[in-house]
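Student: Take this structure, written in structure tokens, and hold onto it; I'll ask about it next.
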Amino acid sequence: MILLKTVDLRKQFGETRACDGLNFIVHKGEFLSLVGSNGAGKTTLVNLISAHLQPDSGQILFEDRDITFMTVTERIKAGIARSFQIVSLFDALSVFDNVALSVFSREGKAVRMTSLADHDEEVRREALEVLGQFGLASKERVMAGDLAQGERKLLDVAVAYALRPRLLFLDEPTSGVSTHEKAQIMDTVSSVVRGGHVTAVVIEHDMDVVFRYSDRIVMMHEGAFLADGTPDEIRANQDVASILLGAPLTA
Amino acid sequence: MVAQIQALRGRSGFGLWASAAAVVVVLLLAPGYFGTYQIQLLIYGLIAAIAALGFNLLLGYTGLLSFGHSAYFGVGAYTVALVVEHLGPHSMEFYLLIGLPVVALTSALFGYICVRHTQIFFGILTLAISQVIYSLALNLFWVTGGSDGMRVPRPALLFGALSFSGSGGFRQFITSYYYYVLAIFIVCVFLMWVIVHSPFGKALQGIRDNEVRARFLGLRIRRFRWIAFLVSGTFTGLAGILWVPLEGLTTPDVLYWTFSGEIVFTALLGGFRNFTGPIVGGIVFTYLKTYAVATTEYWQLLLGVVLVTLVLVLPTGIVGAISRLGQRFRERRAAP
């Protein structure tokens with residue numbers, strides 16, 4: 001079943017065609033990786049779908065609804081959330097508050113000003129549950145700004161996940177951490193996302209990670225799709241290998 | 001800074017309430033130990049604290065520096081003066097009844113315009129609007145008395161139960177008014193404390209820390225800033241309403257940008273990253289300014305030196321510095 005579909009989506013920055021008429025499809029329940037060299041247009045595509053940018057032309061359909069002109073808030077309500085490549089948290093708020101704020105916002109409770117945030121048992125339970133899933137429950141009271149990089153990456157995903165999206169975009173969830181931590185983060189993220197039946201689109205550079213965790217891989221190059229297939233199909237694709245590594249893959 | 005907030009949070013809820021209760025007891029007993037003049041100063045201090053508390057919801061919690069909060073203070077003061085002139089009853093409750101909706105509406109209107117921008121543009125807009133109000137108060141002399149201002153006699157308190165005339169009226173008024181303002185001050189502190197610890201308050205802090213991410217939580221940033229502005233202006237306006245019967249007179253000076261500057265100064269002095277900072281700042285600033293004025297005719301220079309020193313040496317203000325000292329002390333005690 002198709003969850004998201006873009007029709008001839010275009011975005012140009014000056015002379016650069018970051019998205020050159022993309023027809024992007026995401027199936028319900030899959031764990032999809034978006035790969036490609038820097039400047040291939042991956043982040044632009046995610047920015048267009050999450051309303052961080054407006055497309056020059058084209059259409060975005062989510063669950064058969066046209067969301068092309070919806071605001072960020074409306075798209076989040078519709079069920080699309082995202083994390084950020086460069087960790088984007090509320091550094092002077094606690095780890096708990098970072099996730100709780102997502103829950104408050106989703107529940108429409110963020111405008112309440114006459115009750116204490118810490119006294120909302122429902123929100124508290126849910127925020128702690130999400131933190132537990134991401135292995136951050138023990139850090140509940142730590143300021144987000146004081147977390148280690150790997151934990152910050154996880155919290156960034158947790159904040160988006162707590163919005164209970166049906167489609168979750170993760171922009172390089174493992175960038176800037178050690179190889180060892182990469183595997184830990186991806187294990188956690190993929191198990192939470194799969195366990196919660198959330199469809200995920202992950203931008204990732206590390207091909208080991210991509211091959212290991214994805215159901216499907218879409219490869220971009222210069223604003224267009226170059227390849228699309230299962231990890232095995234992509235491994236076998238010589239075009240991908242030459243673009244990606246400049247040499248045939250020896251896998 | 002992050003560590004400081006953490007230290008504040010780590011403190012037990014009991015300790016917080018106990019220290020608040022101790023301060024309230026001291027304030028309740030104050031008139032028994034100090035003369036009328038000192039109590040009068042303390043009222044000014046409490047009023048400045050309410051104004052700064054409101055101001056700091058924007059600066060400390062929302063990350064917006066208003067350079068025009070004199071507008072809301074002044075609108076509060078002038079509303080009371082106009083009520084006195086045109087509507088008659090010299091009752092403090094009546095002033096509040098009319099004054100509060102007026103300052104709330106004014107804040108809502110100006111806030112709606114100002115929150116379309118942030119940073120320096122926001123500051124300039126707030127400043128420009130307050131200067132417009134200032135020049136209106138100065139130039140519409142048939143309404144506002146121009147630079148002479150408007151008189152406000154001592155009102156009766158508690159729906160006419162307490163009125164103050166004849167000999168000794170002033171002293172009685174000061175003592176009664178002290179408790180009156182103190183009660184409102186306590187309510188304001190409590191309200192503001194709840195607001196900054198509510199989901200709304202957390203959302204404001206989120207917006208302050210990271211606007212983009214806050215937007216991607218689905219928060220309508222501008223609406224949050226607008227409500228924050230409204231609450232902030234209303235608190236500061238309330239301070240203006242309480243101030244004018246004590247002063248007995250309002251002139252366009254309370255609308256001038258230098259007065260907005262004093263409100264900023266107050267928050268910096270106490271520390272805008274702490275909840276109690278503006279309260280401490282309001283009281284300390286009142287005494288500081290009073291004694292500076294009494295001591296030297298170059299009092300502005302003196303305050304300027306204090307401000308520069310403050311920014312260079314104590315960027316987190318009095319409360320910030322104290323809490324850091326306290327933290328260092330605790331750490332030293334914890335270490336073997």
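Here's how to read the names in the structure tokens: chain A, B, ... by the order shown, residue numbers from 1 in each chain, ligand numbers from 1 in the order shown.
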Output as a list in words the set of chain B residues within 6 Å of chain A, with distances taken over only C-alpha atoms.
Tutor: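 The contacting residues on chain B are Val2, Ile195, His197, Ser198, Pro199, Phe200, Gly206, Asp209, Asn210, Leu217 and Gly218 of chain B.
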Student: If you count only C-alpha atoms, which residues fall within 12 Å of region 300-302 of chain B, apart from same-chain ones fewer than 3 positions away, as a VMD selection string?
Tutor: chain B and resid 258 262 288 to 297 305 to 309
Student: Residues of the last selection are to be written out with N, CA and C atoms, as a PDB file, in the first residue's frame.
Tutor:
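Now in part_18.pdb:
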```pdb
ATOM      1  N   THR B 258      13.588  55.486  28.256  1.00  0.00           N
ATOM      2  CA  THR B 258      14.550  55.247  29.334  1.00  0.00           C
ATOM      3  C   THR B 258      13.924  54.390  30.433  1.00  0.00           C
ATOM      4  N   GLU B 262      15.070  50.865  32.081  1.00  0.00           N
ATOM      5  CA  GLU B 262      15.162  50.495  33.492  1.00  0.00           C
ATOM      6  C   GLU B 262      14.598  49.106  33.747  1.00  0.00           C
ATOM      7  N   LEU B 288      18.706  50.772  44.835  1.00  0.00           N
ATOM      8  CA  LEU B 288      19.915  51.277  44.190  1.00  0.00           C
ATOM      9  C   LEU B 288      19.676  52.651  43.590  1.00  0.00           C
ATOM     10  N   LYS B 289      18.569  52.766  42.858  1.00  0.00           N
ATOM     11  CA  LYS B 289      18.291  54.027  42.178  1.00  0.00           C
ATOM     12  C   LYS B 289      17.982  55.132  43.199  1.00  0.00           C
ATOM     13  N   THR B 290      17.187  54.793  44.208  1.00  0.00           N
ATOM     14  CA  THR B 290      16.832  55.787  45.215  1.00  0.00           C
ATOM     15  C   THR B 290      18.080  56.343  45.895  1.00  0.00           C
ATOM     16  N   TYR B 291      18.988  55.452  46.282  1.00  0.00           N
ATOM     17  CA  TYR B 291      20.182  55.917  46.976  1.00  0.00           C
ATOM     18  C   TYR B 291      21.163  56.596  46.035  1.00  0.00           C
ATOM     19  N   ALA B 292      21.196  56.135  44.788  1.00  0.00           N
ATOM     20  CA  ALA B 292      22.063  56.803  43.812  1.00  0.00           C
ATOM     21  C   ALA B 292      21.597  58.235  43.597  1.00  0.00           C
ATOM     22  N   VAL B 293      20.278  58.410  43.462  1.00  0.00           N
ATOM     23  CA  VAL B 293      19.726  59.748  43.251  1.00  0.00           C
ATOM     24  C   VAL B 293      20.002  60.633  44.467  1.00  0.00           C
ATOM     25  N   ALA B 294      19.873  60.048  45.657  1.00  0.00           N
ATOM     26  CA  ALA B 294      20.071  60.820  46.886  1.00  0.00           C
ATOM     27  C   ALA B 294      21.541  61.183  47.090  1.00  0.00           C
ATOM     28  N   THR B 295      22.440  60.339  46.605  1.00  0.00           N
ATOM     29  CA  THR B 295      23.858  60.527  46.886  1.00  0.00           C
ATOM     30  C   THR B 295      24.532  61.495  45.920  1.00  0.00           C
ATOM     31  N   THR B 296      24.228  61.354  44.658  1.00  0.00           N
ATOM     32  CA  THR B 296      24.965  62.143  43.681  1.00  0.00           C
ATOM     33  C   THR B 296      24.040  62.641  42.577  1.00  0.00           C
ATOM     34  N   GLU B 297      24.383  63.805  42.055  1.00  0.00           N
ATOM     35  CA  GLU B 297      23.545  64.270  40.952  1.00  0.00           C
ATOM     36  C   GLU B 297      23.913  63.550  39.656  1.00  0.00           C
ATOM     37  N   VAL B 305      27.655  52.680  35.397  1.00  0.00           N
ATOM     38  CA  VAL B 305      28.828  51.909  35.816  1.00  0.00           C
ATOM     39  C   VAL B 305      28.389  50.546  36.366  1.00  0.00           C
ATOM     40  N   VAL B 306      27.314  50.567  37.172  1.00  0.00           N
ATOM     41  CA  VAL B 306      26.796  49.310  37.722  1.00  0.00           C
ATOM     42  C   VAL B 306      26.404  48.374  36.583  1.00  0.00           C
ATOM     43  N   LEU B 307      25.727  48.923  35.577  1.00  0.00           N
ATOM     44  CA  LEU B 307      25.252  48.097  34.465  1.00  0.00           C
ATOM     45  C   LEU B 307      26.415  47.463  33.699  1.00  0.00           C
ATOM     46  N   VAL B 308      27.428  48.282  33.396  1.00  0.00           N
ATOM     47  CA  VAL B 308      28.588  47.760  32.652  1.00  0.00           C
ATOM     48  C   VAL B 308      29.287  46.676  33.467  1.00  0.00           C
ATOM     49  N   THR B 309      29.486  46.976  34.773  1.00  0.00           N
ATOM     50  CA  THR B 309      30.129  45.994  35.640  1.00  0.00           C
ATOM     51  C   THR B 309      29.338  44.688  35.648  1.00  0.00           C
TER      52      THR B 309
END
```
Student: For each of A:Leu167, A:Leu48, A:Ile86, A:Leu136, take the minimum atom-to-atom distance to Val198 (chain A), counting only C-alpha atoms, then give the residue where this is smallest.
Tutor: A:Leu167
Student: Could you give me, as a PyMOL selection string, the residues within 8 Å of Ala137 (chain A), counting only C-alpha atoms and dropping anything in the same chain fewer than 6 positions from it?
Tutor: chain A and resi 128-129+131
Student: Can you pull out the residues contacting Tyr44 (chain B)? Cut-off 12 Å, using only C-alpha atoms, and skip same-chain residues under 2 positions away; I want them as a CSV table (one decimal) with C-alpha atoms, in the first residue's frame.
Tutor:
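Now in result_29.csv:
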```
chain,number,residue,atom,x,y,z
B,37,TYR,CA,9.7,55.7,54.1
B,38,GLN,CA,11.4,52.3,54.0
B,39,ILE,CA,8.0,50.6,53.5
B,40,GLN,CA,7.1,53.0,50.8
B,41,LEU,CA,10.4,52.1,49.0
B,42,LEU,CA,9.6,48.4,49.5
B,46,LEU,CA,7.5,45.0,44.8
B,47,ILE,CA,5.8,46.9,42.0
B,48,ALA,CA,9.1,47.0,40.0
B,49,ALA,CA,9.4,43.2,40.7
B,50,ILE,CA,5.9,42.6,39.2
B,51,ALA,CA,6.8,44.7,36.1
B,174,ILE,CA,1.4,53.2,53.1
B,177,TYR,CA,-1.2,49.6,50.6
B,178,TYR,CA,1.9,47.7,51.4
B,181,VAL,CA,0.5,45.2,47.0
B,182,LEU,CA,2.2,42.4,48.8
B,185,PHE,CA,2.6,40.4,44.4
B,239,ALA,CA,2.5,47.1,37.9
B,240,GLY,CA,1.7,50.5,36.4
B,242,LEU,CA,-0.5,49.7,41.3
B,243,TRP,CA,2.3,52.3,40.9
B,244,VAL,CA,0.2,55.4,40.2
B,245,PRO,CA,-1.8,55.7,43.4
B,246,LEU,CA,1.5,55.4,45.3
B,247,GLU,CA,3.2,58.0,43.2
B,279,ILE,CA,12.0,39.8,41.6
B,282,GLY,CA,13.1,44.9,41.0
B,283,ILE,CA,13.7,45.3,44.7
B,284,VAL,CA,17.4,45.9,44.5
B,285,PHE,CA,17.1,48.3,41.6
B,286,THR,CA,14.5,50.4,43.5
B,287,TYR,CA,16.9,50.8,46.4
B,288,LEU,CA,19.9,51.3,44.2
B,289,LYS,CA,18.3,54.0,42.2
B,290,THR,CA,16.8,55.8,45.2
```
Student: Taking the backbone alone, and naming residues the way the document does, which bits of region 56-231 of chain A are alpha helix (DSSP H) by DSSP, as a ChimeraX atom specification?
Tutor: /A:72-78,95-106,121-133,149-161,179-195,207-213,231
Student: Please run DSSP on the backbone and report, as a list of chain:residue names, all residues within region 103-320 of chain B that come out as strand (DSSP E).
Tutor: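 Matching residues, listed in order: B:Met150, B:Arg151, B:Leu249, B:Thr250.
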Student: Could you dump the residues just selected with N, CA and C atoms as a JSON list (two decimals), in the first residue's frame?
Tutor:
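What landed in again-v4.json:
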```json
[["chain", "number", "residue", "atom", "x", "y", "z"],
["B", 150, "MET", "N", -0.97, 63.70, 35.10],
["B", 150, "MET", "CA", -2.28, 63.66, 35.74],
["B", 150, "MET", "C", -2.15, 63.20, 37.18],
["B", 151, "ARG", "N", -2.96, 63.84, 38.04],
["B", 151, "ARG", "CA", -2.93, 63.48, 39.47],
["B", 151, "ARG", "C", -3.83, 62.28, 39.74],
["B", 249, "LEU", "N", 0.83, 60.65, 40.93],
["B", 249, "LEU", "CA", 0.93, 61.45, 39.70],
["B", 249, "LEU", "C", 1.52, 60.57, 38.60],
["B", 250, "THR", "N", 1.00, 60.72, 37.38],
["B", 250, "THR", "CA", 1.69, 60.05, 36.28],
["B", 250, "THR", "C", 2.03, 61.08, 35.21]]
```
Student: May I have the residues within 6 Å of region 68-81 of chain B as a list in words, using only C-alpha atoms and disregarding those fewer than 6 positions away in the same chain?
Tutor: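 Neighbouring residues, sequence-local ones excluded: Tyr95, Gly99, Val103, Thr126, Leu127, Ser130, Val152, Gly233, Thr236, Gly237, Gly240, Ile241, Val244, Val254, Leu255, Phe259 and Ser260 of chain B.
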Student: Go ahead and dump the residues you just picked, C-alpha atoms, as a compact mmCIF listing (two decimals), in the first residue's frame.
Tutor:
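As written to disk, selection.txt reads:
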```txt
# COMPACT_ATOMS: atom_id res chain seq x y z
CA TYR B 95 -9.01 50.85 39.00
CA GLY B 99 -7.19 48.89 34.15
CA VAL B 103 -3.59 46.76 29.54
CA THR B 126 8.45 47.45 20.69
CA LEU B 127 10.56 50.57 21.12
CA SER B 130 6.21 52.74 23.07
CA VAL B 152 -4.24 60.38 41.16
CA GLY B 233 2.41 43.18 28.99
CA THR B 236 3.81 45.03 33.55
CA GLY B 237 0.59 46.99 33.05
CA GLY B 240 1.66 50.51 36.37
CA ILE B 241 -1.85 50.37 37.81
CA VAL B 244 0.21 55.37 40.16
CA VAL B 254 6.78 56.46 32.58
CA LEU B 255 6.21 55.97 28.86
CA PHE B 259 11.95 53.70 31.58
CA SER B 260 11.84 50.64 29.30
```
Student: Separation of CA of Asp148 (chain B) and CA of Leu96 (chain B), in Å?
Tutor: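 Going from CA of Asp148 (chain B) over to CA of Leu96 (chain B), I get 23.8 Å.
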Student: Could you give me, as a VMD selection string, the residues within 12 Å of Thr179 (chain A), counting only C-alpha atoms and dropping anything in the same chain fewer than 3 positions from it?
Tutor: chain A and resid 150 174 to 176 182 to 186 206 208 to 209
Student: Fewer than 2 positions away in the same chain doesn't count, so skip those; otherwise give me all residues within 12 Å of Ile120 (chain B), counting only C-alpha atoms, as a list in words.
Tutor: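 That gives Gly63, Leu64, Leu65, Ser66, Phe67, Cys114, Val115, His117, Thr118, Phe122, Gly123, Ile124, Leu125, Thr126 and Leu127 of chain B.
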Student: Considering only C-alpha atoms, state which residue in the set B:Leu87, B:Tyr33, B:Leu97, B:Thr106 is at the smallest distance from Leu230 (chain B).
Tutor: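 The shortest atom-to-atom distance to Leu230 (chain B) comes from B:Thr106.
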Student: Would you compute the distance between CA of Ala267 (chain B) and CA of Gly281 (chain B)? Give it in Å to one decimal.
Tutor: 5.8 Å
Student: If I take CA of Gln119 (chain B) and CA of Arg225 (chain B), how far is one from the other in Å, to one decimal?
Tutor: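 Answer for the CA of Gln119 (chain B) to CA of Arg225 (chain B) separation: 12.5 Å.
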